[in-house]
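Q: Sending over a structure as structure tokens; questions will come in a sec.
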Amino acid sequence: MNVLAEKKGLIIFGAILLVVLIAALAAYQTTGSMGIEDRYATAVGLPLSPEEGGGDDTFLGFSAEGNHILYVIILGILIVGAYAVYKKYKI
Amino acid sequence: MAHIHLEDGSFTLFWVLVWWIAALCLIGIALYLLRSRYKPDPKKITIAAFVTAAAFAIFQVQVPIAGGVHMNLTPLIGILTGPVIGTLIVFIVNILSAAIGHGGWGLVGANVLVNFSEVLVGWLAFKGMKKITTDLFSLAGVATFAGLFTGNIVMIAVILISGIQGVHQTTAQILAGLSLLAAINMGVAIVEAFLTGLIVAYIGKIRPDILEGDRK
């Protein structure tokens with residue numbers, strides 16, 4: 001009975017996740033990639049603000065902003081690090 | 001997330017005041033309830049302090065999905081502290097965020113209402129779902145989806161009611177644009193649902209007394 005109750009919760013969670021994921025992907029296909037302020041401006045009809053800053057944002061010729069592969073690498077390092085800490089100090 | 005990312009001047013002064021007054025009334029009610037009925041113990045205040053710090057930090061970190069959206073942790077606030085203390089937490093977080101340029105000062109009132117709705121619905125969904133399942137991960141995950149979806153609805157309602165100064169879009173066009181925005185926000189809600197679910201499941205394993213719903 002307890003197992004069934006737990007599975008019911010996960011099924012509901014999974015179903016909601018699927019619907020939300022499809023809706024989010026469809027919305028992303030329509031709008032494309034943009035920052036949150038630009039999204040709001042576009043949604044309500046305000047003019048987009050010009051890109052702030054400028055000049056060279058690289059470090060030793062290496063740019064982090066917008067580099068999705070780098071995000072995945074950093075996320076992977078964080079997950080591995082968190083798992084290692086969890087295993088070492090597991091309660 | 002559903003936090004309204006518009007600059008000062010987007011709403012007319014009238015609507016800025018309306019939302020600020022509504023938020024202050026909500027905060028007043030929360031303070032009254034805390035003083036008269038729900039006097040928090042030191043443990044709960046400590047939890048509230050940690051959650052406030054965590055929520056403020058996470059507000060400033062953009063998840064690199066679809067160009068960048070930040071999480072809120074508002075449903076987690078509801079689950080761990082309840083809606084009364086949660087009201088004060090979201091007010092503090094919004095004030096501090098405005099202080100560092102994250103959203104306009106005039107929008108703080110509206111954002112408090114948006115975030116309060118997330119806290120309240122997250123708390124209600126967490127308590128209500130206990131009749132359906134005992135799995136803390138899915139309880140917290142579904143509560144997160146419910147809370148953040150409600151926040152998006154409130155955000156859209158606030159903007160549609162207030163209108164935006166200086167734009168010529170029709171209400172239908174603004175609604176369509178904000179609906180797409182809400183769908184993107186809910187995509188990031190997936191990340192937050194997993195995060196909240198894992199946090200609550202872990203707390204439930206080591207300190208189940210901390211979870212708001214387990215308090216007698």
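Residues are referred to by chain and number: the chain letter is A, B, ... according to the order shown in the structure tokens, the number counts from 1 in that chain, and ligands are numbered separately from 1 in the order shown.
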Name all residues at most 12 Å from stretch 193-201 of chain B (count only C-alpha atoms; drop same-chain ones fewer than 2 positions away) and give them as JSON, numbers by chain.
A: {"A": [9, 10, 13, 14, 16, 17, 20], "B": [51, 55, 58, 71, 72, 73, 74, 75, 76, 77, 78, 79, 80, 122, 126, 134, 135, 136, 137, 138, 139, 140, 141, 142, 143, 144, 145, 146, 147, 148, 149, 186, 187, 188, 189, 190, 191, 203, 204, 205, 206, 207, 208, 209, 210, 211, 212, 213]}
Q: What are the residues of chain A that have an atom within 6 Å of an atom of chain B, counting only C-alpha atoms, as a ChimeraX atom specification?
A: /A:5-6,9-10,13,21,23-24,27,33-37,43-45
Q: Keeping only N, CA, C and O atoms, write the selected residues to a file as an mmCIF file, in the first residue's frame.
A:
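Final output, part_30.cif:
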data_model
loop_
_atom_site.group_PDB
_atom_site.id
_atom_site.type_symbol
_atom_site.label_atom_id
_atom_site.label_comp_id
_atom_site.auth_asym_id
_atom_site.auth_seq_id
_atom_site.Cartn_x
_atom_site.Cartn_y
_atom_site.Cartn_z
ATOM 1 N N ALA A 5 1.341 4.137 -2.877
ATOM 2 C CA ALA A 5 1.198 5.573 -2.595
ATOM 3 C C ALA A 5 2.412 6.334 -3.102
ATOM 4 O O ALA A 5 2.284 7.424 -3.667
ATOM 5 N N GLU A 6 3.601 5.774 -2.919
ATOM 6 C CA GLU A 6 4.817 6.451 -3.397
ATOM 7 C C GLU A 6 4.839 6.514 -4.908
ATOM 8 O O GLU A 6 5.181 7.545 -5.487
ATOM 9 N N GLY A 9 2.575 9.170 -6.434
ATOM 10 C CA GLY A 9 3.166 10.509 -6.384
ATOM 11 C C GLY A 9 4.146 10.728 -7.518
ATOM 12 O O GLY A 9 4.135 11.766 -8.177
ATOM 13 N N LEU A 10 4.994 9.742 -7.766
ATOM 14 C CA LEU A 10 5.990 9.867 -8.834
ATOM 15 C C LEU A 10 5.333 9.905 -10.206
ATOM 16 O O LEU A 10 5.802 10.614 -11.103
ATOM 17 N N PHE A 13 3.974 13.364 -10.625
ATOM 18 C CA PHE A 13 5.109 14.266 -10.861
ATOM 19 C C PHE A 13 5.626 14.119 -12.285
ATOM 20 O O PHE A 13 5.863 15.114 -12.979
ATOM 21 N N LEU A 21 7.347 20.247 -19.838
ATOM 22 C CA LEU A 21 8.501 20.191 -20.743
ATOM 23 C C LEU A 21 8.080 20.460 -22.187
ATOM 24 O O LEU A 21 8.723 21.241 -22.905
ATOM 25 N N ALA A 23 5.404 22.062 -23.212
ATOM 26 C CA ALA A 23 4.977 23.465 -23.334
ATOM 27 C C ALA A 23 6.188 24.400 -23.385
ATOM 28 O O ALA A 23 6.240 25.336 -24.186
ATOM 29 N N ALA A 24 7.177 24.124 -22.543
ATOM 30 C CA ALA A 24 8.376 24.981 -22.490
ATOM 31 C C ALA A 24 9.156 24.892 -23.802
ATOM 32 O O ALA A 24 9.626 25.910 -24.326
ATOM 33 N N ALA A 27 7.323 26.799 -26.490
ATOM 34 C CA ALA A 27 7.486 28.242 -26.291
ATOM 35 C C ALA A 27 8.886 28.679 -26.699
ATOM 36 O O ALA A 27 9.071 29.737 -27.316
ATOM 37 N N SER A 33 16.201 32.088 -28.107
ATOM 38 C CA SER A 33 16.976 32.307 -26.887
ATOM 39 C C SER A 33 17.153 33.803 -26.644
ATOM 40 O O SER A 33 17.555 34.544 -27.530
ATOM 41 N N MET A 34 16.804 34.258 -25.434
ATOM 42 C CA MET A 34 17.044 35.650 -25.067
ATOM 43 C C MET A 34 17.037 35.756 -23.549
ATOM 44 O O MET A 34 16.509 34.888 -22.864
ATOM 45 N N GLY A 35 17.609 36.825 -23.032
ATOM 46 C CA GLY A 35 17.648 37.030 -21.592
ATOM 47 C C GLY A 35 16.263 37.329 -21.039
ATOM 48 O O GLY A 35 15.345 37.686 -21.780
ATOM 49 N N ILE A 36 16.133 37.221 -19.724
ATOM 50 C CA ILE A 36 14.815 37.353 -19.108
ATOM 51 C C ILE A 36 14.246 38.766 -19.268
ATOM 52 O O ILE A 36 13.042 38.934 -19.525
ATOM 53 N N GLU A 37 15.099 39.788 -19.164
ATOM 54 C CA GLU A 37 14.591 41.153 -19.342
ATOM 55 C C GLU A 37 14.110 41.373 -20.758
ATOM 56 O O GLU A 37 13.069 42.012 -20.988
ATOM 57 N N ALA A 43 7.531 40.539 -24.637
ATOM 58 C CA ALA A 43 6.180 40.048 -24.333
ATOM 59 C C ALA A 43 5.188 41.199 -24.189
ATOM 60 O O ALA A 43 4.033 41.088 -24.606
ATOM 61 N N VAL A 44 5.625 42.305 -23.585
ATOM 62 C CA VAL A 44 4.686 43.408 -23.321
ATOM 63 C C VAL A 44 4.795 44.530 -24.339
ATOM 64 O O VAL A 44 4.029 45.487 -24.284
ATOM 65 N N GLY A 45 5.735 44.416 -25.274
ATOM 66 C CA GLY A 45 5.826 45.416 -26.338
ATOM 67 C C GLY A 45 6.747 46.574 -26.061
ATOM 68 O O GLY A 45 6.678 47.601 -26.749
#
Q: Please identify the strand (DSSP E or B) residues within stretch 56-120 of chain B (assignment by DSSP from backbone atoms) and present them as a PyMOL selection string.
A: chain B and resi 62-63+69-70
Q: As a ChimeraX atom specification, please: every residue in stretch 5-160 of chain B that DSSP puts in alpha helix (DSSP H).
A: /B:13-36,42-59,74-99,108-128,136-160
Q: Near stretch 45-49 of chain B, counting only C-alpha atoms, which residues have an atom at most 9 Å away, once you skip same-chain residues fewer than 2 positions from it, shown as a PyMOL selection string?
A: chain B and resi 40-43+51-54+77+80-81+85-86+89+210
Q: What does the file look like for those residues with C-alpha atoms, as a CSV table (one decimal), in the first residue's frame?
A:
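out.csv written:
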chain,number,residue,atom,x,y,z
B,40,PRO,CA,7.4,31.2,15.9
B,41,ASP,CA,9.9,29.3,18.0
B,42,PRO,CA,13.6,30.0,17.6
B,43,LYS,CA,14.1,26.9,15.4
B,51,VAL,CA,15.8,30.0,3.6
B,52,THR,CA,15.8,33.8,3.2
B,53,ALA,CA,19.5,33.8,2.5
B,54,ALA,CA,19.3,30.9,0.1
B,77,ILE,CA,9.9,28.6,1.6
B,80,LEU,CA,9.7,24.8,5.3
B,81,THR,CA,8.2,28.0,7.0
B,85,ILE,CA,6.6,33.7,7.8
B,86,GLY,CA,6.9,33.1,4.0
B,89,ILE,CA,10.7,36.3,3.6
B,210,ILE,CA,11.8,20.5,10.3
Q: Grab the atom CA of B:Leu120 to atom CA of B:Pro83 distance for me, in Å with one decimal place.
A: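 Between these atoms lies a distance of 5.2 Å.
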Q: When you look at B:Val90 with a cut-off of 7 Å (counting only C-alpha atoms), what residues show up, excluding the ones that are within fewer than 4 positions of it in the same chain? I need them as number ranges by chain.
A: B: 86, 94, 112, 115-116
